[in-house]
>>> print(open('work.txt').read())   # compact mmCIF, C-alpha atoms
# COMPACT_ATOMS: atom_id res chain seq x y z
CA MET A 22 0.00 0.00 0.00
CA GLU A 23 2.65 2.49 -1.02
CA SER A 24 1.35 5.90 -1.95
CA ALA A 25 2.71 8.22 -4.58
CA GLU A 26 4.61 10.06 -1.84
CA GLY A 27 6.26 6.82 -0.76
CA PHE A 28 4.70 6.22 2.63
CA SER A 29 2.60 3.20 3.37
CA ASP A 30 -1.11 3.03 4.23
CA ALA A 31 -1.92 6.52 3.07
CA LEU A 32 -5.41 7.98 3.20
CA VAL A 33 -6.05 9.16 -0.36
CA ILE A 34 -8.71 11.80 -0.91
CA ALA A 35 -9.21 13.29 -4.37
CA GLY A 36 -5.79 12.03 -5.43
CA LYS A 37 -3.89 13.54 -2.50
CA SER A 38 -2.23 11.31 0.11
CA TYR A 39 -2.40 11.93 3.84
CA ARG A 40 -0.56 10.17 6.65
CA SER A 41 -3.08 11.14 9.31
CA ARG A 42 -6.53 9.57 9.40
CA LEU A 43 -7.75 11.97 12.06
CA LEU A 44 -9.43 15.08 10.67
CA THR A 45 -10.25 17.79 13.16
CA GLY A 46 -12.61 20.72 13.40
CA THR A 47 -11.51 24.11 14.65
CA GLY A 48 -14.66 25.30 16.44
CA LYS A 49 -15.40 25.72 20.16
CA TYR A 50 -11.80 26.24 21.28
CA ARG A 51 -10.89 28.82 23.94
CA ASP A 52 -8.70 30.76 21.54
CA LEU A 53 -6.61 30.40 18.40
CA GLU A 54 -3.58 29.32 20.40
CA GLN A 55 -5.48 26.33 21.79
CA THR A 56 -6.88 25.58 18.32
CA ALA A 57 -3.35 25.40 16.93
CA ALA A 58 -2.04 23.32 19.86
CA ALA A 59 -4.87 20.79 19.63
CA SER A 60 -4.58 20.49 15.83
CA GLU A 61 -0.87 19.84 16.27
CA ALA A 62 -1.38 17.29 19.07
CA ALA A 63 -4.00 15.49 16.96
CA GLY A 64 -1.48 15.18 14.15
CA ALA A 65 -4.22 16.42 11.85
CA GLU A 66 -3.40 17.24 8.24
CA ILE A 67 -6.94 18.20 7.27
CA VAL A 68 -8.77 20.76 9.42
CA THR A 69 -12.27 22.04 8.85
CA VAL A 70 -13.21 25.72 9.02
CA ALA A 71 -16.46 27.64 8.83
CA ILE A 72 -17.12 30.50 6.40
CA ARG A 73 -18.67 33.53 8.08
CA ARG A 74 -19.06 37.28 7.61
CA VAL A 75 -16.13 39.43 8.70
CA ASN A 76 -16.80 41.85 11.53
CA ILE A 77 -16.55 45.22 9.82
CA GLY A 78 -14.65 47.63 12.06
CA GLN A 79 -13.34 44.94 14.40
CA GLU A 80 -11.29 42.89 11.99
CA ALA A 81 -8.15 44.99 11.60
CA GLY A 82 -5.26 43.69 13.68
CA GLN A 83 -7.17 40.61 14.79
CA PRO A 84 -5.36 37.29 14.36
CA ASN A 85 -6.81 35.17 11.58
CA LEU A 86 -7.44 31.43 11.89
CA LEU A 87 -5.45 30.88 8.70
CA ASP A 88 -2.42 32.54 10.32
CA VAL A 89 -2.27 29.88 13.05
CA LEU A 90 -3.29 27.06 10.69
CA PRO A 91 -1.38 28.02 7.56
CA PRO A 92 -2.76 26.48 4.36
CA LYS A 93 0.78 25.56 3.35
CA ARG A 94 0.90 23.13 6.25
CA TYR A 95 -2.72 22.09 6.70
CA THR A 96 -5.31 21.18 4.11
CA ILE A 97 -8.05 23.64 4.98
CA LEU A 98 -11.46 22.02 4.53
CA PRO A 99 -14.17 24.67 4.32
CA ASN A 100 -17.43 23.43 5.71
CA THR A 101 -20.99 24.48 4.86
CA ALA A 102 -22.11 23.99 8.48
CA GLY A 103 -25.08 26.18 9.29
CA CYS A 104 -26.66 25.75 5.85
CA TYR A 105 -30.17 24.31 5.74
CA ASN A 106 -30.63 24.18 1.96
CA ALA A 107 -28.65 23.40 -1.17
CA LYS A 108 -28.60 27.02 -2.38
CA ASP A 109 -26.88 28.36 0.74
CA ALA A 110 -24.44 25.44 0.78
CA ILE A 111 -23.45 25.97 -2.86
CA ARG A 112 -23.00 29.71 -2.27
CA THR A 113 -20.80 28.98 0.75
CA CYS A 114 -18.65 26.57 -1.30
CA GLN A 115 -18.18 29.13 -4.05
CA LEU A 116 -17.04 31.75 -1.51
CA ALA A 117 -14.71 29.20 0.06
CA ARG A 118 -13.15 28.37 -3.29
CA GLU A 119 -12.41 32.05 -3.86
CA LEU A 120 -11.12 32.46 -0.29
CA LEU A 121 -8.74 29.51 -0.68
CA ASP A 122 -7.36 30.52 -4.08
CA GLY A 123 -9.34 28.09 -6.16
CA GLN A 124 -9.19 25.06 -3.89
CA ALA A 125 -11.84 22.56 -4.99
CA LEU A 126 -12.01 20.49 -1.79
CA VAL A 127 -15.05 21.25 0.41
CA LYS A 128 -17.08 19.62 3.15
CA LEU A 129 -20.75 19.63 2.25
CA GLU A 130 -23.04 19.65 5.27
CA VAL A 131 -26.69 20.54 4.75
CA LEU A 132 -28.67 20.32 7.96
CA GLY A 133 -32.26 19.25 8.45
CA ASP A 134 -33.10 20.89 11.75
CA ALA A 135 -31.39 22.62 14.64
CA LYS A 136 -32.39 20.11 17.30
CA THR A 137 -30.83 16.99 15.78
CA LEU A 138 -28.45 18.57 13.24
CA PHE A 139 -29.18 15.50 11.15
CA PRO A 140 -28.37 15.94 7.47
CA HIS A 141 -31.12 17.08 5.11
CA ILE A 142 -30.67 14.27 2.62
CA THR A 143 -32.64 15.55 -0.37
CA GLU A 144 -30.95 18.98 -0.17
CA THR A 145 -27.58 17.27 0.35
CA LEU A 146 -28.08 15.15 -2.79
CA HIS A 147 -29.17 18.18 -4.78
CA ALA A 148 -26.18 20.26 -3.65
CA ALA A 149 -23.71 17.41 -4.18
CA GLU A 150 -24.85 16.93 -7.76
CA ILE A 151 -24.43 20.61 -8.62
CA LEU A 152 -21.10 20.97 -6.78
CA VAL A 153 -19.57 17.88 -8.42
CA LYS A 154 -20.63 19.17 -11.85
CA ASP A 155 -19.05 22.53 -11.00
CA GLY A 156 -15.69 20.85 -10.33
CA PHE A 157 -15.78 20.73 -6.55
CA GLU A 158 -14.23 17.81 -4.69
CA VAL A 159 -17.01 17.08 -2.24
CA MET A 160 -16.55 15.38 1.11
CA VAL A 161 -20.11 14.91 2.21
CA TYR A 162 -21.69 14.66 5.66
CA THR A 163 -24.55 12.20 5.63
CA ASN A 164 -26.48 9.87 7.90
CA ASP A 165 -25.55 6.24 8.46
CA ASP A 166 -27.77 4.99 5.62
CA PRO A 167 -25.83 2.64 3.31
CA ILE A 168 -28.07 3.39 0.33
CA VAL A 169 -27.63 7.15 0.56
CA ALA A 170 -23.89 6.64 1.08
CA ARG A 171 -23.74 4.59 -2.11
CA ILE A 172 -25.68 7.19 -4.08
CA LEU A 173 -23.36 9.98 -2.90
CA ALA A 174 -20.28 7.97 -3.92
CA GLU A 175 -21.82 7.22 -7.32
CA MET A 176 -22.51 10.91 -7.81
CA GLY A 177 -18.78 11.57 -7.59
CA CYS A 178 -18.26 12.71 -4.01
CA VAL A 179 -14.61 12.14 -3.04
CA ALA A 180 -15.39 11.00 0.51
CA VAL A 181 -18.61 9.95 2.22
CA MET A 182 -18.85 10.94 5.88
CA PRO A 183 -21.63 9.27 7.85
CA LEU A 184 -22.42 10.43 11.35
CA ALA A 185 -21.76 8.10 14.30
CA ALA A 186 -24.34 9.98 16.38
CA PRO A 187 -25.70 13.56 16.35
CA ILE A 188 -23.12 16.33 15.97
CA GLY A 189 -21.64 17.32 19.31
CA SER A 190 -23.52 14.58 21.19
CA GLY A 191 -20.51 12.47 22.17
CA LEU A 192 -22.71 9.37 22.07
CA GLY A 193 -20.27 7.31 20.02
CA ILE A 194 -21.13 4.93 17.18
CA GLN A 195 -24.83 4.17 17.54
CA ASN A 196 -25.23 1.84 14.58
CA ARG A 197 -22.00 0.03 13.94
CA TYR A 198 -23.65 -2.44 11.58
CA ASN A 199 -24.79 0.35 9.28
CA ILE A 200 -21.29 1.85 9.34
CA LEU A 201 -19.92 -1.61 8.54
CA SER A 202 -22.37 -1.99 5.63
CA ILE A 203 -21.28 1.38 4.27
CA VAL A 204 -17.59 0.49 4.62
CA GLU A 205 -18.00 -2.95 3.02
CA GLU A 206 -19.19 -1.58 -0.28
CA ALA A 207 -17.26 1.66 -0.23
CA THR A 208 -15.73 2.95 -3.45
CA VAL A 209 -14.45 6.16 -1.82
CA PRO A 210 -13.02 6.80 1.67
CA ILE A 211 -15.64 6.50 4.42
CA ILE A 212 -14.94 8.91 7.25
CA VAL A 213 -17.01 8.90 10.41
CA ASP A 214 -18.01 12.51 10.94
CA ALA A 215 -19.73 13.59 14.14
CA GLY A 216 -20.84 11.91 17.35
CA VAL A 217 -17.52 10.66 18.70
CA GLY A 218 -17.19 11.18 22.46
CA THR A 219 -13.94 9.61 23.51
CA ALA A 220 -10.94 7.69 22.23
CA SER A 221 -12.59 4.25 22.19
CA ASP A 222 -15.28 5.59 19.83
CA ALA A 223 -12.61 6.68 17.36
CA ALA A 224 -10.80 3.34 17.69
CA LEU A 225 -14.06 1.47 17.03
CA ALA A 226 -14.72 3.50 13.88
CA MET A 227 -11.29 2.56 12.58
CA GLU A 228 -11.66 -1.11 13.62
CA LEU A 229 -14.82 -1.23 11.52
CA GLY A 230 -12.68 -0.28 8.54
CA CYS A 231 -13.43 3.40 8.21
CA ALA A 232 -10.78 5.36 6.34
CA GLY A 233 -10.72 8.10 8.94
CA VAL A 234 -12.56 10.01 11.64
CA LEU A 235 -13.52 13.68 11.69
CA MET A 236 -14.26 15.25 15.06
CA ASN A 237 -14.45 18.62 16.76
CA THR A 238 -16.45 18.72 19.99
CA ALA A 239 -14.91 15.54 21.46
CA ILE A 240 -11.55 17.33 21.47
CA ALA A 241 -12.49 20.99 21.90
CA GLY A 242 -15.03 20.24 24.63
CA ALA A 243 -12.75 17.97 26.69
CA GLN A 244 -11.42 19.23 30.03
CA ASN A 245 -7.96 19.16 28.46
CA PRO A 246 -8.40 19.53 24.71
CA VAL A 247 -4.73 19.14 23.81
CA LEU A 248 -4.43 15.91 25.78
CA MET A 249 -7.65 14.59 24.25
CA ALA A 250 -6.32 15.47 20.79
CA SER A 251 -3.30 13.29 21.52
CA ALA A 252 -5.56 10.49 22.81
CA MET A 253 -7.61 10.64 19.61
CA LYS A 254 -4.48 10.50 17.48
CA HIS A 255 -3.38 7.32 19.21
CA ALA A 256 -6.89 5.83 19.11
CA VAL A 257 -7.16 6.33 15.36
CA ILE A 258 -3.73 4.78 14.80
CA ALA A 259 -4.53 1.87 17.14
CA GLY A 260 -7.90 1.24 15.51
CA ARG A 261 -6.39 1.37 12.04
CA GLU A 262 -3.61 -1.05 12.92
CA ALA A 263 -6.10 -3.43 14.57
CA PHE A 264 -8.25 -3.33 11.44
CA LEU A 265 -5.27 -4.06 9.19
CA ALA A 266 -3.99 -6.78 11.55
CA GLY A 267 -7.33 -8.60 11.50
CA ARG A 268 -8.92 -9.35 14.83
CA ILE A 269 -9.59 -12.86 16.16
CA PRO A 270 -13.11 -14.18 15.90
CA ARG A 271 -15.33 -13.91 18.96
CA LYS A 272 -15.89 -17.25 20.74
CA ARG A 273 -18.27 -18.10 23.51
CA TYR A 274 -15.78 -20.19 25.56
CA ALA A 275 -12.13 -19.98 26.56
CA SER A 276 -9.14 -21.00 24.48
CA ALA A 277 -5.93 -21.57 26.49
CA SER A 278 -2.95 -19.44 25.56
CA SER A 279 -0.38 -21.91 26.96
CA PRO A 280 0.19 -25.35 25.36
CA LEU A 281 -1.39 -28.31 27.10
CA ASP A 282 1.55 -30.66 26.27
CA GLY A 283 4.43 -30.91 28.78
CA THR A 284 2.54 -30.03 31.91
CA ILE A 285 4.20 -31.60 35.04
CA PHE A 286 1.03 -33.00 36.52
CA MET B 10 -23.00 59.49 -1.87
CA ILE B 11 -24.18 55.95 -2.55
CA GLU B 12 -26.00 53.59 -0.22
CA ILE B 13 -25.02 49.92 -0.18
CA SER B 14 -25.55 46.94 2.09
CA LEU B 15 -22.32 45.62 3.59
CA ASN B 16 -22.67 42.31 5.39
CA GLY B 17 -26.32 43.06 5.92
CA LYS B 18 -25.83 46.60 7.30
CA PRO B 19 -26.38 49.91 5.46
CA GLU B 20 -23.26 51.86 4.49
CA SER B 21 -22.88 55.28 2.86
CA LEU B 22 -19.91 55.58 0.52
CA ALA B 23 -18.53 58.14 -1.91
CA GLU B 24 -19.67 58.07 -5.54
CA GLY B 25 -17.54 55.86 -7.75
CA VAL B 26 -15.87 53.96 -4.93
CA THR B 27 -14.26 50.68 -5.99
CA ILE B 28 -14.21 47.42 -4.08
CA ALA B 29 -10.51 47.93 -3.45
CA GLU B 30 -11.24 51.33 -1.83
CA LEU B 31 -14.03 49.80 0.25
CA MET B 32 -11.59 47.16 1.49
CA ARG B 33 -8.96 49.79 2.38
CA GLN B 34 -11.55 51.87 4.27
CA LYS B 35 -13.42 49.14 6.11
CA LEU B 36 -10.92 46.29 6.44
CA PRO B 37 -7.47 47.87 6.40
CA GLY B 38 -4.69 45.30 6.29
CA VAL B 39 -7.14 42.41 6.19
CA SER B 40 -6.52 39.70 3.62
CA ARG B 41 -7.77 36.12 3.35
CA VAL B 42 -11.35 37.11 2.64
CA ALA B 43 -13.77 36.39 -0.18
CA LEU B 44 -16.28 38.87 -1.52
CA GLU B 45 -19.67 38.56 -3.13
CA LEU B 46 -21.39 41.43 -4.95
CA ASN B 47 -25.11 40.90 -5.53
CA LEU B 48 -24.65 37.13 -5.10
CA GLU B 49 -21.76 37.00 -7.60
CA ILE B 50 -18.22 36.17 -6.49
CA VAL B 51 -15.77 38.94 -7.31
CA PRO B 52 -12.18 37.66 -7.73
CA ARG B 53 -9.51 39.67 -5.91
CA SER B 54 -7.98 40.61 -9.26
CA GLN B 55 -11.09 42.68 -10.04
CA TYR B 56 -11.27 44.69 -6.80
CA GLU B 57 -9.50 47.71 -8.31
CA LYS B 58 -11.82 48.08 -11.28
CA ARG B 59 -15.23 47.14 -9.89
CA GLN B 60 -17.15 50.26 -8.84
CA LEU B 61 -20.04 50.13 -6.40
CA LYS B 62 -23.42 51.77 -6.89
CA THR B 63 -26.49 52.42 -4.79
CA GLY B 64 -28.42 49.27 -3.94
CA ASP B 65 -25.43 46.95 -4.20
CA ARG B 66 -25.28 44.17 -1.67
CA VAL B 67 -21.76 43.23 -0.63
CA GLU B 68 -20.87 40.21 1.50
CA ILE B 69 -17.33 39.71 2.78
CA VAL B 70 -16.46 36.44 4.49
CA ARG B 71 -13.49 34.78 6.12
CA ALA B 72 -12.59 31.41 7.59
CA ILE B 73 -13.28 30.97 11.31
CA GLY B 74 -13.22 28.02 13.67
CA GLY B 75 -15.83 25.43 12.85
CA GLY B 76 -16.55 21.73 12.60
>>> encode(input="work.txt", output="structure tokens")
Amino acid sequence: MESAEGFSDALVIAGKSYRSRLLTGTGKYRDLEQTAAASEAAGAEIVTVAIRRVNIGQEAGQPNLLDVLPPKRYTILPNTAGCYNAKDAIRTCQLARELLDGQALVKLEVLGDAKTLFPHITETLHAAEILVKDGFEVMVYTNDDPIVARILAEMGCVAVMPLAAPIGSGLGIQNRYNILSIVEEATVPIIVDAGVGTASDAALAMELGCAGVLMNTAIAGAQNPVLMASAMKHAVIAGREAFLAGRIPRKRYASASSPLDGTIF
Amino acid sequence: MIEISLNGKPESLAEGVTIAELMRQKLPGVSRVALELNLEIVPRSQYEKRQLKTGDRVEIVRAIGGG
């Protein structure tokens, strides 16, 4: 599994290889310094950002997120979070492409309602179709429905990102068999996006065969975000290695680890 | 004077002001933004030549922390 860049087991998204399978959000941190420290501790190479209006009159002299997370070092993944229809999401992607000097890679997230933050699937499908035709490389947030995941991959999305549980809930993977079904027939990277609460959740996602995990609140909302970022980095690596190693089958009864021959009694 | 909407708020500007002048007045020293004029993206290369007129709606966005 050598990549073009010469390292093994790369995560390849839209033709670009990444060593890290942990993608992190940049919201909810105390300040930009903590954002940068947590992103570093997570070993993230892809970080999501939101696109919002500048504060006229308050912007001058203020540090910019892209100063602490320089696009030369991180792949900046603009996110359409906060959009509730295809039109707003497409507009946000177009602004993001201009902001990032023509970068095609975007995270499409079209929400259904504010209580669940579940994806609005029909608007997501509509937006994905238009964005792909317009040359965007779409990493798409969706629910854990294998059929919708398949449709999004067939439409040309470069990564399909099912939720584990509602955004920010920390509930962990609620339907591992659906995630497994999505992974089993995947033609593009499947990245669990949203719902992770702690390191074991991230490890489980990777053990199921996901290509990566995207999280924000689980790190930013922890008592010690930088330490949790490090924990998540190790969990994703551990889960990935366990998946590649191939776990033993589950058995109902014991199986002795020591040989039975040569006992002295 | 002309009246425009800038990020949803009314602004009075001099006649014939360009986007580049608007940026210098309102966001001095600020880069890494994207700008939309009446729902159309304006590339940075056109800021110097695009003049604003009354009724224009300008949106200027940046990247901030988000999931």
>>> residues_around(input="work.txt", residues="Phe157 in chain A", least_positions_apart="5", cutoff="12 Å", atoms="all atoms listed in the file", output="number ranges by chain")
A: 35, 98-99, 111, 114-115, 117-118, 123-129, 148-152, 176-179
>>> closest_atom_pairs(input="work.txt", of="chain A", to="chain B", cutoff="7 Å", atoms="only C-alpha atoms", output="tab-separated table")
residue	atom	partner	partner_atom	distance
A:Gly46	CA	B:Gly76	CA	4.1
A:Thr47	CA	B:Gly74	CA	4.4
A:Gly48	CA	B:Gly75	CA	3.8
A:Thr69	CA	B:Gly76	CA	5.7
A:Val70	CA	B:Gly75	CA	4.6
A:Ala71	CA	B:Gly75	CA	4.6
A:Ile72	CA	B:Ala72	CA	4.8
A:Arg73	CA	B:Val70	CA	5.1
A:Arg74	CA	B:Val70	CA	4.1
A:Val75	CA	B:Val70	CA	5.2
A:Ile77	CA	B:Lys35	CA	6.2
A:Gly78	CA	B:Lys35	CA	6.3
A:Glu80	CA	B:Leu36	CA	6.5
A:Ala81	CA	B:Pro37	CA	6.0
A:Leu86	CA	B:Ile73	CA	5.9
A:Leu116	CA	B:Ala43	CA	5.8
A:Glu119	CA	B:Ala43	CA	5.9
A:Leu120	CA	B:Ala43	CA	4.7
A:Asn237	CA	B:Gly76	CA	5.6
>>> atom_distance(input="work.txt", atom1="CA of Pro167 in chain A", atom2="CA of Tyr198 in chain A")
9.9 Å
>>> atom_distance(input="work.txt", atom1="CA of Gly216 in chain A", atom2="CA of Val247 in chain A")
18.8 Å
>>> closest_residue(input="work.txt", among="A:Val89, A:Ala252, A:Met160, A:Ile172", to="Ile142 in chain A", atoms="all atoms listed in the file")
A:Ile172
>>> atom_distance(input="work.txt", atom1="CA of Ala226 in chain A", atom2="CA of Met182 in chain A")
11.7 Å
>>> residues_around(input="work.txt", residues="range 189-192 of chain A", least_positions_apart="2", cutoff="9 Å", atoms="all atoms listed in the file", output="ChimeraX atom specification")
/A:185-187,194-195,215-219,222,236-239,242
>>> write_last_selection(input="work.txt", atoms="C-alpha atoms", output="mmCIF file, keeping the file's coordinate frame")
data_model
loop_
_atom_site.group_PDB
_atom_site.id
_atom_site.type_symbol
_atom_site.label_atom_id
_atom_site.label_comp_id
_atom_site.auth_asym_id
_atom_site.auth_seq_id
_atom_site.Cartn_x
_atom_site.Cartn_y
_atom_site.Cartn_z
ATOM 1 C CA ALA A 185 -21.760 8.100 14.300
ATOM 2 C CA ALA A 186 -24.340 9.980 16.380
ATOM 3 C CA PRO A 187 -25.700 13.560 16.350
ATOM 4 C CA ILE A 194 -21.130 4.930 17.180
ATOM 5 C CA GLN A 195 -24.830 4.170 17.540
ATOM 6 C CA ALA A 215 -19.730 13.590 14.140
ATOM 7 C CA GLY A 216 -20.840 11.910 17.350
ATOM 8 C CA VAL A 217 -17.520 10.660 18.700
ATOM 9 C CA GLY A 218 -17.190 11.180 22.460
ATOM 10 C CA THR A 219 -13.940 9.610 23.510
ATOM 11 C CA ASP A 222 -15.280 5.590 19.830
ATOM 12 C CA MET A 236 -14.260 15.250 15.060
ATOM 13 C CA ASN A 237 -14.450 18.620 16.760
ATOM 14 C CA THR A 238 -16.450 18.720 19.990
ATOM 15 C CA ALA A 239 -14.910 15.540 21.460
ATOM 16 C CA GLY A 242 -15.030 20.240 24.630
#
>>> residues_around(input="work.txt", residues="Leu31 in chain B", least_positions_apart="6", cutoff="10 Å", atoms="all atoms listed in the file", output="ChimeraX atom specification")
/B:15,22-23,37,56-57,60-61
>>> write_last_selection(input="work.txt", atoms="C-alpha atoms", output="PDB file, keeping the file's coordinate frame")
ATOM      1  CA  LEU B  15     -22.320  45.620   3.590  1.00  0.00           C
ATOM      2  CA  LEU B  22     -19.910  55.580   0.520  1.00  0.00           C
ATOM      3  CA  ALA B  23     -18.530  58.140  -1.910  1.00  0.00           C
ATOM      4  CA  PRO B  37      -7.470  47.870   6.400  1.00  0.00           C
ATOM      5  CA  TYR B  56     -11.270  44.690  -6.800  1.00  0.00           C
ATOM      6  CA  GLU B  57      -9.500  47.710  -8.310  1.00  0.00           C
ATOM      7  CA  GLN B  60     -17.150  50.260  -8.840  1.00  0.00           C
ATOM      8  CA  LEU B  61     -20.040  50.130  -6.400  1.00  0.00           C
TER       9      LEU B  61
END
>>> residues_around(input="work.txt", residues="Asp30 in chain A", least_positions_apart="6", cutoff="12 Å", atoms="all atoms listed in the file", output="ChimeraX atom specification")
/A:22-24,38-42,232-233,258,261-262,264-265
>>> closest_residue(input="work.txt", among="A:Asn85, A:Lys37, A:Leu43, A:Thr56", to="Cys231 in chain A", atoms="only C-alpha atoms")
A:Leu43
>>> residues_near_point(input="work.txt", point="(-19.1, 54.9, -4.2)", cutoff="12 Å", atoms="all atoms listed in the file", output="PyMOL selection string")
chain B and resi 10-13+20-31+34+59-65
>>> closest_residue(input="work.txt", among="A:Gly260, A:Gln79, A:Ala220, A:Leu138", to="Ala243 in chain A", atoms="all atoms listed in the file")
A:Ala220
>>> decode(input="work.txt", residues="range 35-42 of chain B", atoms="all heavy atoms", output="compact mmCIF listing (two decimals), in the first residue's frame")
# COMPACT_ATOMS: atom_id res chain seq x y z
N LYS B 35 -12.69 49.91 5.09
CA LYS B 35 -13.42 49.14 6.11
C LYS B 35 -12.61 48.00 6.72
O LYS B 35 -12.87 47.60 7.84
CB LYS B 35 -14.72 48.57 5.50
CG LYS B 35 -15.69 49.63 4.99
CD LYS B 35 -16.23 50.45 6.14
CE LYS B 35 -17.12 51.57 5.64
NZ LYS B 35 -17.49 52.47 6.77
N LEU B 36 -11.69 47.45 5.95
CA LEU B 36 -10.92 46.29 6.44
C LEU B 36 -9.44 46.51 6.15
O LEU B 36 -8.82 45.71 5.43
CB LEU B 36 -11.42 45.00 5.76
CG LEU B 36 -12.86 44.58 6.08
CD1 LEU B 36 -13.34 43.50 5.12
CD2 LEU B 36 -12.98 44.08 7.51
N PRO B 37 -8.87 47.58 6.71
CA PRO B 37 -7.47 47.87 6.40
C PRO B 37 -6.54 46.75 6.84
O PRO B 37 -6.65 46.26 7.97
CB PRO B 37 -7.19 49.16 7.17
CG PRO B 37 -8.24 49.22 8.23
CD PRO B 37 -9.44 48.53 7.68
N GLY B 38 -5.68 46.33 5.96
CA GLY B 38 -4.69 45.30 6.29
C GLY B 38 -5.25 43.89 6.38
O GLY B 38 -4.53 42.96 6.73
N VAL B 39 -6.53 43.73 6.06
CA VAL B 39 -7.14 42.41 6.19
C VAL B 39 -7.09 41.70 4.84
O VAL B 39 -7.53 42.24 3.83
CB VAL B 39 -8.61 42.52 6.67
CG1 VAL B 39 -9.27 41.15 6.68
CG2 VAL B 39 -8.66 43.15 8.05
N SER B 40 -6.51 40.51 4.84
CA SER B 40 -6.52 39.70 3.62
C SER B 40 -7.24 38.40 3.96
O SER B 40 -7.91 38.30 4.98
CB SER B 40 -5.10 39.44 3.15
OG SER B 40 -4.37 38.80 4.17
N ARG B 41 -7.10 37.40 3.12
CA ARG B 41 -7.77 36.12 3.35
C ARG B 41 -9.26 36.28 3.56
O ARG B 41 -9.84 35.81 4.54
CB ARG B 41 -7.17 35.40 4.55
CG ARG B 41 -5.68 35.06 4.41
CD ARG B 41 -5.33 34.10 5.53
NE ARG B 41 -3.92 34.00 5.79
CZ ARG B 41 -3.09 33.17 5.16
NH1 ARG B 41 -3.53 32.43 4.19
NH2 ARG B 41 -1.83 33.11 5.50
N VAL B 42 -9.88 37.01 2.64
CA VAL B 42 -11.35 37.11 2.64
C VAL B 42 -11.85 36.78 1.24
O VAL B 42 -11.07 36.72 0.29
CB VAL B 42 -11.84 38.53 3.04
CG1 VAL B 42 -11.46 38.85 4.48
CG2 VAL B 42 -11.34 39.59 2.08
